[in-house]
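Enquirer: What follows is run_14.pdb, PDB, C-alpha atoms.
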ATOM      1  CA  MET E   1       0.000   0.000   0.000
ATOM      2  CA  LYS E   2       1.400   3.385  -1.037
ATOM      3  CA  LYS E   3       1.541   6.079   1.599
ATOM      4  CA  LEU E   4       0.849   9.808   1.371
ATOM      5  CA  THR E   5       2.328  12.209   3.931
ATOM      6  CA  MET E   6       0.636  15.622   4.059
ATOM      7  CA  ILE E   7       2.829  18.183   5.844
ATOM      8  CA  VAL E   8       1.053  21.046   7.611
ATOM      9  CA  PRO E   9       3.271  23.948   8.825
ATOM     10  CA  CYS E  10       1.550  25.756  11.720
ATOM     11  CA  TYR E  11       2.278  28.984  13.546
ATOM     12  CA  ASN E  12      -0.401  30.298  15.910
ATOM     13  CA  GLU E  13      -3.157  28.540  13.973
ATOM     14  CA  GLY E  14      -5.081  27.207  16.987
ATOM     15  CA  GLU E  15      -8.263  29.011  15.950
ATOM     16  CA  VAL E  16      -8.469  27.408  12.508
ATOM     17  CA  LEU E  17      -6.947  23.973  13.167
ATOM     18  CA  PRO E  18     -10.181  22.137  14.126
ATOM     19  CA  LEU E  19     -11.798  23.290  10.874
ATOM     20  CA  PHE E  20      -8.715  22.309   8.901
ATOM     21  CA  TYR E  21      -8.438  18.890  10.545
ATOM     22  CA  ASP E  22     -12.108  18.037   9.965
ATOM     23  CA  GLU E  23     -12.111  19.127   6.313
ATOM     24  CA  THR E  24      -8.748  17.605   5.381
ATOM     25  CA  SER E  25      -9.304  14.321   7.252
ATOM     26  CA  LYS E  26     -12.615  13.874   5.446
ATOM     27  CA  VAL E  27     -10.841  14.189   2.087
ATOM     28  CA  LEU E  28      -7.986  11.863   3.063
ATOM     29  CA  LYS E  29     -10.341   9.207   4.414
ATOM     30  CA  GLY E  30     -12.098   9.241   1.046
ATOM     31  CA  LEU E  31      -8.921   8.374  -0.893
ATOM     32  CA  ASP E  32      -8.753   5.138  -2.850
ATOM     33  CA  SER E  33      -8.196   2.132  -0.565
ATOM     34  CA  LYS E  34      -4.779   1.513  -2.157
ATOM     35  CA  TYR E  35      -3.413   4.540  -0.280
ATOM     36  CA  ASP E  36      -2.461   4.912   3.353
ATOM     37  CA  TYR E  37      -1.906   8.432   4.674
ATOM     38  CA  GLU E  38      -0.637  10.502   7.569
ATOM     39  CA  LEU E  39      -1.091  14.142   8.564
ATOM     40  CA  LEU E  40       2.223  15.527   9.760
ATOM     41  CA  PHE E  41       1.756  18.798  11.648
ATOM     42  CA  VAL E  42       4.831  20.970  12.242
ATOM     43  CA  ASP E  43       4.298  23.437  15.083
ATOM     44  CA  ASP E  44       6.673  26.315  14.425
ATOM     45  CA  GLY E  45       7.040  27.465  18.046
ATOM     46  CA  SER E  46       3.469  28.761  18.349
ATOM     47  CA  GLY E  47       2.502  30.927  21.299
ATOM     48  CA  ASP E  48      -1.174  29.945  21.357
ATOM     49  CA  ASP E  49      -2.856  26.540  21.788
ATOM     50  CA  THR E  50      -1.735  25.208  18.392
ATOM     51  CA  LEU E  51       0.337  22.363  19.861
ATOM     52  CA  LYS E  52      -2.404  21.476  22.344
ATOM     53  CA  LYS E  53      -4.922  21.172  19.498
ATOM     54  CA  ILE E  54      -2.538  19.027  17.433
ATOM     55  CA  MET E  55      -1.861  16.708  20.366
ATOM     56  CA  SER E  56      -5.597  16.301  20.915
ATOM     57  CA  PHE E  57      -5.962  15.222  17.272
ATOM     58  CA  ALA E  58      -3.129  12.716  17.724
ATOM     59  CA  GLU E  59      -4.749  11.193  20.810
ATOM     60  CA  LYS E  60      -7.848  10.196  18.867
ATOM     61  CA  ASP E  61      -6.360   9.674  15.401
ATOM     62  CA  GLU E  62      -3.314   7.475  14.779
ATOM     63  CA  LYS E  63      -2.895   9.084  11.363
ATOM     64  CA  VAL E  64      -1.834  12.350  12.998
ATOM     65  CA  LYS E  65       1.890  12.876  13.609
ATOM     66  CA  TYR E  66       3.532  16.050  14.814
ATOM     67  CA  ILE E  67       6.810  17.903  15.335
ATOM     68  CA  SER E  68       7.068  20.898  17.638
ATOM     69  CA  PHE E  69       9.947  23.391  17.461
ATOM     70  CA  SER E  70      11.612  24.868  20.550
ATOM     71  CA  ARG E  71      10.910  28.352  19.143
ATOM     72  CA  ASN E  72       9.697  30.046  15.982
ATOM     73  CA  PHE E  73      12.126  29.229  13.146
ATOM     74  CA  GLY E  74       9.864  30.255  10.254
ATOM     75  CA  LYS E  75       7.733  28.487   7.664
ATOM     76  CA  GLU E  76      10.712  27.565   5.484
ATOM     77  CA  SER E  77      12.274  25.625   8.365
ATOM     78  CA  ALA E  78       8.924  24.008   9.175
ATOM     79  CA  MET E  79       8.518  22.760   5.614
ATOM     80  CA  TYR E  80      12.091  21.451   5.536
ATOM     81  CA  ALA E  81      11.617  19.608   8.839
ATOM     82  CA  GLY E  82       8.404  18.070   7.544
ATOM     83  CA  LEU E  83      10.053  16.876   4.345
ATOM     84  CA  LYS E  84      12.977  15.459   6.304
ATOM     85  CA  MET E  85      10.709  13.557   8.722
ATOM     86  CA  SER E  86       8.175  12.371   6.122
ATOM     87  CA  GLU E  87       7.887   8.655   5.381
ATOM     88  CA  GLY E  88       5.377   8.585   2.524
ATOM     89  CA  ASP E  89       5.932   7.408  -1.040
ATOM     90  CA  TYR E  90       4.251  10.696  -1.902
ATOM     91  CA  VAL E  91       4.639  13.862   0.131
ATOM     92  CA  GLY E  92       2.409  16.915   0.123
ATOM     93  CA  LEU E  93       2.474  20.417   1.574
ATOM     94  CA  ILE E  94      -0.659  22.302   2.574
ATOM     95  CA  ASP E  95      -1.288  25.395   4.718
ATOM     96  CA  ALA E  96      -3.404  25.117   7.852
ATOM     97  CA  ASP E  97      -5.463  28.258   7.177
ATOM     98  CA  LEU E  98      -7.686  26.537   4.546
ATOM     99  CA  GLN E  99      -6.618  28.990   1.844
ATOM    100  CA  HIS E 100      -5.469  25.836   0.068
ATOM    101  CA  SER E 101      -8.320  23.543  -0.985
ATOM    102  CA  PRO E 102      -8.022  19.998   0.441
ATOM    103  CA  GLU E 103     -10.524  18.889  -2.222
ATOM    104  CA  LEU E 104      -7.699  19.044  -4.782
ATOM    105  CA  ILE E 105      -5.640  16.376  -3.001
ATOM    106  CA  PRO E 106      -7.179  13.284  -4.737
ATOM    107  CA  ASP E 107      -6.667  14.733  -8.228
ATOM    108  CA  MET E 108      -3.142  15.886  -7.378
ATOM    109  CA  LEU E 109      -2.261  12.450  -6.003
ATOM    110  CA  LYS E 110      -3.673  10.801  -9.119
ATOM    111  CA  ALA E 111      -1.523  13.040 -11.336
ATOM    112  CA  VAL E 112       1.647  11.883  -9.563
ATOM    113  CA  ASP E 113       0.740   8.230  -9.075
ATOM    114  CA  GLU E 114      -1.096   7.420 -12.314
ATOM    115  CA  GLU E 115      -0.429  10.119 -14.922
ATOM    116  CA  GLY E 116       3.373  10.076 -14.905
ATOM    117  CA  TYR E 117       3.988  13.457 -13.285
ATOM    118  CA  ASP E 118       6.630  13.935 -10.603
ATOM    119  CA  VAL E 119       4.902  16.920  -9.010
ATOM    120  CA  ALA E 120       1.324  18.167  -8.832
ATOM    121  CA  ALA E 121       1.255  21.800  -7.741
ATOM    122  CA  SER E 122      -1.337  24.535  -7.368
ATOM    123  CA  ARG E 123      -1.080  27.916  -9.058
ATOM    124  CA  ARG E 124      -3.517  30.580  -8.002
ATOM    125  CA  THR E 125      -5.444  32.420 -10.662
ATOM    126  CA  ASP E 126      -6.089  35.611  -8.665
ATOM    127  CA  ARG E 127      -4.984  37.511  -5.577
ATOM    128  CA  LYS E 128      -8.430  37.903  -4.044
ATOM    129  CA  GLY E 129      -8.233  38.714  -0.353
ATOM    130  CA  GLU E 130      -4.768  40.301  -0.548
ATOM    131  CA  GLY E 131      -4.181  43.956   0.172
ATOM    132  CA  GLY E 132      -3.421  46.172  -2.813
ATOM    133  CA  ILE E 133       0.130  47.006  -1.743
ATOM    134  CA  LYS E 134       0.976  43.389  -0.925
ATOM    135  CA  SER E 135      -0.456  42.191  -4.242
ATOM    136  CA  PHE E 136       1.482  44.821  -6.225
ATOM    137  CA  LEU E 137       4.778  44.104  -4.464
ATOM    138  CA  SER E 138       4.351  40.340  -4.938
ATOM    139  CA  SER E 139       3.747  40.647  -8.676
ATOM    140  CA  GLN E 140       6.705  43.015  -9.069
ATOM    141  CA  PHE E 141       8.956  40.653  -7.127
ATOM    142  CA  TYR E 142       8.315  37.806  -9.566
ATOM    143  CA  LYS E 143       8.995  40.101 -12.532
ATOM    144  CA  VAL E 144      12.307  41.224 -11.031
ATOM    145  CA  ILE E 145      13.595  37.824  -9.921
ATOM    146  CA  ASN E 146      12.708  36.208 -13.258
ATOM    147  CA  LYS E 147      14.705  38.893 -15.087
ATOM    148  CA  ILE E 148      17.854  38.555 -12.989
ATOM    149  CA  SER E 149      17.774  34.860 -12.098
ATOM    150  CA  ASP E 150      18.423  31.779 -14.227
ATOM    151  CA  THR E 151      15.741  29.922 -12.254
ATOM    152  CA  TYR E 152      12.214  30.773 -13.456
ATOM    153  CA  ILE E 153       9.608  30.988 -10.691
ATOM    154  CA  ASP E 154       5.957  30.989 -11.720
ATOM    155  CA  ASP E 155       3.977  33.983 -10.496
ATOM    156  CA  GLY E 156       1.116  32.475  -8.523
ATOM    157  CA  ALA E 157       2.880  29.188  -7.740
ATOM    158  CA  GLN E 158       1.952  27.994  -4.264
ATOM    159  CA  ASP E 159       3.572  25.717  -1.714
ATOM    160  CA  PHE E 160       0.466  23.504  -1.939
ATOM    161  CA  ARG E 161       1.632  20.438  -3.870
ATOM    162  CA  ILE E 162       2.181  16.690  -3.856
ATOM    163  CA  MET E 163       5.569  15.247  -4.852
ATOM    164  CA  SER E 164       7.043  11.844  -5.490
ATOM    165  CA  ARG E 165       9.713  10.569  -3.134
ATOM    166  CA  LYS E 166      12.529  11.213  -5.631
ATOM    167  CA  VAL E 167      11.566  14.891  -5.817
ATOM    168  CA  VAL E 168      11.577  15.154  -2.015
ATOM    169  CA  ASP E 169      15.000  13.488  -1.877
ATOM    170  CA  ALA E 170      16.316  15.991  -4.435
ATOM    171  CA  ILE E 171      14.985  18.920  -2.394
ATOM    172  CA  LEU E 172      16.601  17.542   0.754
ATOM    173  CA  GLU E 173      19.973  17.486  -1.032
ATOM    174  CA  MET E 174      19.822  21.285  -1.049
ATOM    175  CA  THR E 175      21.083  21.948   2.436
ATOM    176  CA  GLU E 176      21.341  25.753   2.549
ATOM    177  CA  LYS E 177      20.314  27.255   5.879
ATOM    178  CA  VAL E 178      18.455  30.276   4.492
ATOM    179  CA  ARG E 179      15.844  28.595   2.320
ATOM    180  CA  PHE E 180      13.589  29.998  -0.399
ATOM    181  CA  THR E 181      11.456  26.965  -1.120
ATOM    182  CA  LYS E 182       9.585  28.359  -4.128
ATOM    183  CA  GLY E 183      12.947  28.801  -5.842
ATOM    184  CA  ILE E 184      14.106  25.349  -4.728
ATOM    185  CA  PHE E 185      10.967  23.764  -6.208
ATOM    186  CA  SER E 186      11.766  25.395  -9.545
ATOM    187  CA  TRP E 187      15.502  24.711  -9.387
ATOM    188  CA  VAL E 188      15.187  20.936  -8.956
ATOM    189  CA  GLY E 189      12.933  20.762 -12.010
ATOM    190  CA  PHE E 190      10.933  17.573 -12.708
ATOM    191  CA  ASN E 191       7.707  17.134 -14.656
ATOM    192  CA  THR E 192       4.988  19.216 -13.007
ATOM    193  CA  LYS E 193       1.226  19.303 -13.524
ATOM    194  CA  TRP E 194      -0.307  22.623 -12.510
ATOM    195  CA  PHE E 195      -3.737  22.928 -10.954
ATOM    196  CA  ALA E 196      -5.543  26.253 -11.233
ATOM    197  CA  HIS E 197      -6.580  27.402  -7.780
ATOM    198  CA  GLU E 198      -8.738  30.368  -6.797
ATOM    199  CA  ASN E 199      -7.482  32.242  -3.776
ATOM    200  CA  ARG E 200      -9.588  31.490  -0.697
ATOM    201  CA  GLU E 201     -10.194  33.623   2.361
ATOM    202  CA  ARG E 202      -8.756  32.362   5.637
ATOM    203  CA  ALA E 203     -11.292  30.234   7.485
ATOM    204  CA  ALA E 204     -10.237  31.816  10.804
ATOM    205  CA  GLY E 205      -7.375  33.728  12.376
ATOM    206  CA  THR E 206      -5.122  36.290  10.734
ATOM    207  CA  SER E 207      -2.220  36.108   8.315
ATOM    208  CA  LYS E 208       1.230  35.770   9.880
ATOM    209  CA  TRP E 209       2.930  37.380   6.880
ATOM    210  CA  SER E 210       3.604  41.031   7.642
ATOM    211  CA  LEU E 211       4.978  43.391   4.991
ATOM    212  CA  ARG E 212       8.377  43.269   6.728
ATOM    213  CA  LYS E 213       8.443  39.460   6.584
ATOM    214  CA  LEU E 214       7.429  39.471   2.917
ATOM    215  CA  ILE E 215      10.221  41.919   2.041
ATOM    216  CA  LYS E 216      12.746  39.762   3.909
ATOM    217  CA  TYR E 217      11.394  36.669   2.122
ATOM    218  CA  ALA E 218      11.787  38.402  -1.250
ATOM    219  CA  GLY E 219      15.351  39.359  -0.331
ATOM    220  CA  ASP E 220      16.146  35.758   0.586
ATOM    221  CA  GLY E 221      14.819  34.669  -2.793
ATOM    222  CA  ILE E 222      16.943  37.135  -4.734
ATOM    223  CA  LEU E 223      20.110  36.388  -2.742
ATOM    224  CA  GLY E 224      19.519  32.637  -2.978
ATOM    225  CA  PHE E 225      18.893  32.370  -6.700
ATOM    226  CA  THR E 226      20.950  34.992  -8.467
ATOM    227  CA  THR E 227      24.469  36.386  -8.204
ATOM    228  CA  LYS E 228      23.960  38.971 -10.955
ATOM    229  CA  PRO E 229      23.929  41.983  -8.570
ATOM    230  CA  LEU E 230      27.555  41.131  -7.737
ATOM    231  CA  LYS E 231      28.423  41.754 -11.400
ATOM    232  CA  TRP E 232      26.655  45.108 -11.721
ATOM    233  CA  PRO E 233      29.721  47.139 -10.571
ATOM    234  CA  ILE E 234      31.566  45.836 -13.651
ATOM    235  CA  TYR E 235      28.896  47.258 -15.964
ATOM    236  CA  LEU E 236      28.878  50.575 -14.101
ATOM    237  CA  GLY E 237      32.681  50.672 -14.220
ATOM    238  CA  LEU E 238      32.754  50.039 -17.970
ATOM    239  CA  ILE E 239      30.231  52.834 -18.506
ATOM    240  CA  SER E 240      32.415  55.131 -16.402
ATOM    241  CA  LEU E 241      35.503  54.224 -18.478
ATOM    242  CA  ILE E 242      33.642  54.868 -21.725
ATOM    243  CA  LEU E 243      32.628  58.293 -20.413
ATOM    244  CA  ALA E 244      36.253  58.895 -19.422
ATOM    245  CA  LEU E 245      37.337  58.120 -22.990
ATOM    246  CA  ALA E 246      34.746  60.523 -24.342
ATOM    247  CA  GLU E 247      35.943  63.196 -21.919
ATOM    248  CA  LEU E 248      39.550  62.600 -23.029
ATOM    249  CA  ILE E 249      38.510  63.255 -26.622
ATOM    250  CA  VAL E 250      36.828  66.502 -25.516
ATOM    251  CA  ILE E 251      40.018  67.577 -23.692
ATOM    252  CA  ILE E 252      42.142  66.888 -26.767
ATOM    253  CA  CYS E 253      39.792  68.920 -28.962
ATOM    254  CA  LEU E 254      39.775  71.840 -26.515
ATOM    255  CA  SER E 255      43.563  71.725 -26.202
ATOM    256  CA  VAL E 256      43.970  71.921 -29.948
ATOM    257  CA  GLY E 257      41.645  74.947 -30.083
ATOM    258  CA  GLY E 258      43.482  76.526 -27.166
ATOM    259  CA  THR E 259      40.628  78.895 -26.374
ATOM    260  CA  ILE E 260      39.015  77.194 -23.348
ATOM    261  CA  SER E 261      40.547  76.082 -20.037
ATOM    262  CA  VAL E 262      40.641  72.307 -19.729
ATOM    263  CA  LEU E 263      41.173  72.203 -15.936
ATOM    264  CA  ASN E 264      37.578  71.260 -15.110
ATOM    265  CA  HIS E 265      37.593  68.595 -17.798
ATOM    266  CA  LEU E 266      40.827  67.133 -16.417
ATOM    267  CA  ILE E 267      39.246  66.872 -12.969
ATOM    268  CA  LEU E 268      36.188  65.133 -14.438
ATOM    269  CA  LEU E 269      38.433  62.802 -16.429
ATOM    270  CA  SER E 270      40.337  61.853 -13.262
ATOM    271  CA  VAL E 271      37.093  61.119 -11.388
ATOM    272  CA  LEU E 272      35.727  58.986 -14.218
ATOM    273  CA  LEU E 273      38.970  57.032 -14.603
ATOM    274  CA  ILE E 274      39.436  56.370 -10.901
ATOM    275  CA  GLY E 275      35.733  55.540 -10.445
ATOM    276  CA  GLY E 276      35.715  53.251 -13.466
ATOM    277  CA  VAL E 277      38.821  51.311 -12.423
ATOM    278  CA  THR E 278      37.485  51.011  -8.844
ATOM    279  CA  LEU E 279      34.076  49.716  -9.936
ATOM    280  CA  VAL E 280      35.581  47.201 -12.369
ATOM    281  CA  SER E 281      37.892  45.959  -9.612
ATOM    282  CA  ILE E 282      34.948  45.572  -7.233
ATOM    283  CA  GLY E 283      33.011  43.767  -9.956
ATOM    284  CA  VAL E 284      35.827  41.290 -10.590
ATOM    285  CA  GLY E 285      35.986  40.632  -6.854
ATOM    286  CA  GLY E 286      32.215  40.178  -6.902
ATOM    287  CA  MET E 287      32.502  37.491  -9.584
ATOM    288  CA  TYR E 288      34.922  35.513  -7.426
ATOM    289  CA  LEU E 289      32.630  36.057  -4.435
ATOM    290  CA  ALA E 290      29.687  34.793  -6.488
ATOM    291  CA  ARG E 291      31.633  31.642  -7.357
ATOM    292  CA  THR E 292      32.501  31.101  -3.684
ATOM    293  CA  TYR E 293      28.886  31.678  -2.673
ATOM    294  CA  THR E 294      27.626  29.183  -5.244
ATOM    295  CA  GLU E 295      30.099  26.548  -4.073
ATOM    296  CA  THR E 296      29.243  26.982  -0.394
ATOM    297  CA  GLN E 297      25.530  26.489  -1.121
ATOM    298  CA  ASN E 298      26.456  22.827  -1.556
ATOM    299  CA  ARG E 299      23.693  22.154  -4.073
ATOM    300  CA  PRO E 300      23.918  18.928  -6.108
ATOM    301  CA  VAL E 301      25.742  19.213  -9.425
ATOM    302  CA  PHE E 302      22.951  17.248 -11.140
ATOM    303  CA  ILE E 303      19.700  15.481 -10.303
ATOM    304  CA  VAL E 304      18.660  12.264 -12.049
ATOM    305  CA  SER E 305      14.970  11.933 -12.860
ATOM    306  CA  LYS E 306      15.075   8.582 -14.680
ATOM    307  CA  THR E 307      17.776   6.021 -15.499
ATOM    308  CA  ASN E 308      18.175   2.370 -16.400
ATOM    309  CA  ILE E 309      21.524   2.115 -14.559
ATOM    310  CA  GLU E 310      21.311   0.126 -11.347
ATOM    311  CA  LYS E 311      22.911   1.604  -8.240
ATOM    312  CA  LYS E 312      26.046  -0.183  -7.063
TER     313      LYS E 312
END
Can I see the file as structure tokens?

Expert:
Amino acid sequence: MKKLTMIVPCYNEGEVLPLFYDETSKVLKGLDSKYDYELLFVDDGSGDDTLKKIMSFAEKDEKVKYISFSRNFGKESAMYAGLKMSEGDYVGLIDADLQHSPELIPDMLKAVDEEGYDVAASRRTDRKGEGGIKSFLSSQFYKVINKISDTYIDDGAQDFRIMSRKVVDAILEMTEKVRFTKGIFSWVGFNTKWFAHENRERAAGTSKWSLRKLIKYAGDGILGFTTKPLKWPIYLGLISLILALAELIVIICLSVGGTISVLNHLILLSVLLIGGVTLVSIGVGGMYLARTYTETQNRPVFIVSKTNIEKK
């Protein structure tokens, strides 16, 4: 019997958890009899009765497993811990606030188990329920990161997904401490089936994502999946050197005419030359720093999706 592990990161979700448990358990109990399942809750150091609620579920339902952190480490750490502790042949991620629709789980599981996909993931079709500023900043973030990063991240892609075990193992090979999971999902690749998903209002409670946290999250994504900003000083330095060359030509022309003082132009030339050489030097150093940064991320050099070579 194949097993599905559904990971549920939780942070101060005590108010909504009973609703989530009832709705999600109903869906999981209705799965085809060839599947076993478990609900793996990860309590991210909540300050309310989240852990108490989870433990009460576990007392009456052997399908409920849980991990509780010593403090709040963040959703990225909660998802990583869940993936690391999961035992299922298929592993899913779903939020506890019911903004993700548990009703999609059977179709997503079918896509991975029967249709040949490695991942079944949800992609929201709107940003209903989000504030205007938050929605604007989110859309702009995806435009920026997709222009400066070699890893394309779908705008609207959600953490809500079901993955095969080989995909989970590939994700766990990426051991960086500061994690941007949406980028990691894209980086590892694999054949993905997308499910359109309308944004749902929270069933209860309030969002834990403040504007400050979202900005920090966006920064983690940019720093984790592109080193291009380290090369920008080179481009600025080259522009400065080109301007210095143009200024040198102006000085030569004025000197030949002999009618205008070239002192100011010489000062400008000196600034452009020194600035250009400095920026290029910083840029070259940035390229070496980018190489060091990439190596210390310790990501796998390649990931095998399929092979007919037996492991030795």

Enquirer: Written as number ranges by chain, which residues does the PyMOL selection byres ((chain E and resi 191-197) around 7) give for the file shown?

Expert: E: 117-125, 189-190, 198-199

Enquirer: Box time for region 94-101 of chain E: axis-aligned, enclosing all its listed atoms, 5 Å extra on each side; report centre and edge lengths in Å to one decimal, as JSON.

Expert:
{"center_x": -4.5, "center_y": 25.6, "center_z": 3.4, "size_x": 17.7, "size_y": 16.7, "size_z": 18.8}

Enquirer: Could you make a table, as JSON lines, of the residues of region 81-177 of chain E that have an atom within 10 Å of an atom of region 7-14 of chain E, each with its nearest atom pair and distance in Å to one decimal, counting all atoms listed in the file, in chain and number order?

Expert:
{"residue": "E:Ala81", "atom": "CA", "partner": "E:Ile7", "partner_atom": "CA", "distance": 9.4}
{"residue": "E:Gly82", "atom": "CA", "partner": "E:Ile7", "partner_atom": "CA", "distance": 5.8}
{"residue": "E:Leu83", "atom": "CA", "partner": "E:Ile7", "partner_atom": "CA", "distance": 7.5}
{"residue": "E:Met85", "atom": "CA", "partner": "E:Ile7", "partner_atom": "CA", "distance": 9.6}
{"residue": "E:Ser86", "atom": "CA", "partner": "E:Ile7", "partner_atom": "CA", "distance": 7.9}
{"residue": "E:Val91", "atom": "CA", "partner": "E:Ile7", "partner_atom": "CA", "distance": 7.4}
{"residue": "E:Gly92", "atom": "CA", "partner": "E:Ile7", "partner_atom": "CA", "distance": 5.9}
{"residue": "E:Leu93", "atom": "CA", "partner": "E:Ile7", "partner_atom": "CA", "distance": 4.8}
{"residue": "E:Ile94", "atom": "CA", "partner": "E:Val8", "partner_atom": "CA", "distance": 5.5}
{"residue": "E:Asp95", "atom": "CA", "partner": "E:Val8", "partner_atom": "CA", "distance": 5.7}
{"residue": "E:Ala96", "atom": "CA", "partner": "E:Val8", "partner_atom": "CA", "distance": 6.0}
{"residue": "E:Asp97", "atom": "CA", "partner": "E:Glu13", "partner_atom": "CA", "distance": 7.2}
{"residue": "E:Phe160", "atom": "CA", "partner": "E:Ile7", "partner_atom": "CA", "distance": 9.7}
{"residue": "E:Ile162", "atom": "CA", "partner": "E:Ile7", "partner_atom": "CA", "distance": 9.8}

Enquirer: Out of E:Tyr90, E:Phe180, E:Phe141, E:Trp187, which residue has the shortest atom-to-atom distance to Met163 (chain E) when counting only C-alpha atoms?

Expert: E:Tyr90

Enquirer: For the atom pair CA of Ile148 (chain E) and CA of Val271 (chain E), what is the interatomic distance in Å to one decimal place?

Expert: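 For CA of Ile148 (chain E) relative to CA of Val271 (chain E), the distance reads 29.7 Å.
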
Enquirer: Where atoms are missing, can you supply N, CA and C atoms for region 165-183 of chain E and output the lot as a PDB file, in the frame of the given file?

Expert:
ATOM      1  N   ARG E 165       8.600  10.674  -4.078  1.00  0.00           N
ATOM      2  CA  ARG E 165       9.713  10.569  -3.134  1.00  0.00           C
ATOM      3  C   ARG E 165      11.024  11.046  -3.740  1.00  0.00           C
ATOM      4  N   LYS E 166      11.252  10.797  -5.039  1.00  0.00           N
ATOM      5  CA  LYS E 166      12.529  11.213  -5.631  1.00  0.00           C
ATOM      6  C   LYS E 166      12.652  12.734  -5.684  1.00  0.00           C
ATOM      7  N   VAL E 167      11.529  13.427  -5.829  1.00  0.00           N
ATOM      8  CA  VAL E 167      11.566  14.891  -5.817  1.00  0.00           C
ATOM      9  C   VAL E 167      11.905  15.383  -4.414  1.00  0.00           C
ATOM     10  N   VAL E 168      11.291  14.781  -3.408  1.00  0.00           N
ATOM     11  CA  VAL E 168      11.577  15.154  -2.015  1.00  0.00           C
ATOM     12  C   VAL E 168      13.050  14.920  -1.693  1.00  0.00           C
ATOM     13  N   ASP E 169      13.585  13.784  -2.132  1.00  0.00           N
ATOM     14  CA  ASP E 169      15.000  13.488  -1.877  1.00  0.00           C
ATOM     15  C   ASP E 169      15.910  14.519  -2.538  1.00  0.00           C
ATOM     16  N   ALA E 170      15.521  14.971  -3.743  1.00  0.00           N
ATOM     17  CA  ALA E 170      16.316  15.991  -4.435  1.00  0.00           C
ATOM     18  C   ALA E 170      16.281  17.313  -3.677  1.00  0.00           C
ATOM     19  N   ILE E 171      15.118  17.677  -3.160  1.00  0.00           N
ATOM     20  CA  ILE E 171      14.985  18.920  -2.394  1.00  0.00           C
ATOM     21  C   ILE E 171      15.830  18.857  -1.125  1.00  0.00           C
ATOM     22  N   LEU E 172      15.845  17.687  -0.488  1.00  0.00           N
ATOM     23  CA  LEU E 172      16.601  17.542   0.754  1.00  0.00           C
ATOM     24  C   LEU E 172      18.108  17.574   0.523  1.00  0.00           C
ATOM     25  N   GLU E 173      18.544  17.361  -0.723  1.00  0.00           N
ATOM     26  CA  GLU E 173      19.973  17.486  -1.032  1.00  0.00           C
ATOM     27  C   GLU E 173      20.433  18.939  -0.997  1.00  0.00           C
ATOM     28  N   MET E 174      19.486  19.858  -1.089  1.00  0.00           N
ATOM     29  CA  MET E 174      19.822  21.285  -1.049  1.00  0.00           C
ATOM     30  C   MET E 174      19.782  21.720   0.408  1.00  0.00           C
ATOM     31  N   THR E 175      20.961  21.837   0.980  1.00  0.00           N
ATOM     32  CA  THR E 175      21.083  21.948   2.436  1.00  0.00           C
ATOM     33  C   THR E 175      21.330  23.369   2.925  1.00  0.00           C
ATOM     34  N   GLU E 176      21.097  24.395   2.080  1.00  0.00           N
ATOM     35  CA  GLU E 176      21.341  25.753   2.549  1.00  0.00           C
ATOM     36  C   GLU E 176      20.470  26.081   3.762  1.00  0.00           C
ATOM     37  N   LYS E 177      21.006  26.917   4.639  1.00  0.00           N
ATOM     38  CA  LYS E 177      20.314  27.255   5.879  1.00  0.00           C
ATOM     39  C   LYS E 177      19.206  28.280   5.650  1.00  0.00           C
ATOM     40  N   VAL E 178      19.475  29.286   4.834  1.00  0.00           N
ATOM     41  CA  VAL E 178      18.455  30.276   4.492  1.00  0.00           C
ATOM     42  C   VAL E 178      17.755  29.773   3.239  1.00  0.00           C
ATOM     43  N   ARG E 179      16.523  29.306   3.401  1.00  0.00           N
ATOM     44  CA  ARG E 179      15.844  28.595   2.320  1.00  0.00           C
ATOM     45  C   ARG E 179      14.758  29.466   1.688  1.00  0.00           C
ATOM     46  N   PHE E 180      14.670  29.372   0.366  1.00  0.00           N
ATOM     47  CA  PHE E 180      13.589  29.998  -0.399  1.00  0.00           C
ATOM     48  C   PHE E 180      12.961  28.866  -1.202  1.00  0.00           C
ATOM     49  N   THR E 181      11.954  28.234  -0.594  1.00  0.00           N
ATOM     50  CA  THR E 181      11.456  26.965  -1.120  1.00  0.00           C
ATOM     51  C   THR E 181      10.833  27.091  -2.499  1.00  0.00           C
ATOM     52  N   LYS E 182      10.166  28.195  -2.790  1.00  0.00           N
ATOM     53  CA  LYS E 182       9.585  28.359  -4.128  1.00  0.00           C
ATOM     54  C   LYS E 182      10.682  28.281  -5.193  1.00  0.00           C
ATOM     55  N   GLY E 183      11.829  28.889  -4.906  1.00  0.00           N
ATOM     56  CA  GLY E 183      12.947  28.801  -5.842  1.00  0.00           C
ATOM     57  C   GLY E 183      13.511  27.399  -5.904  1.00  0.00           C
TER      58      GLY E 183
END
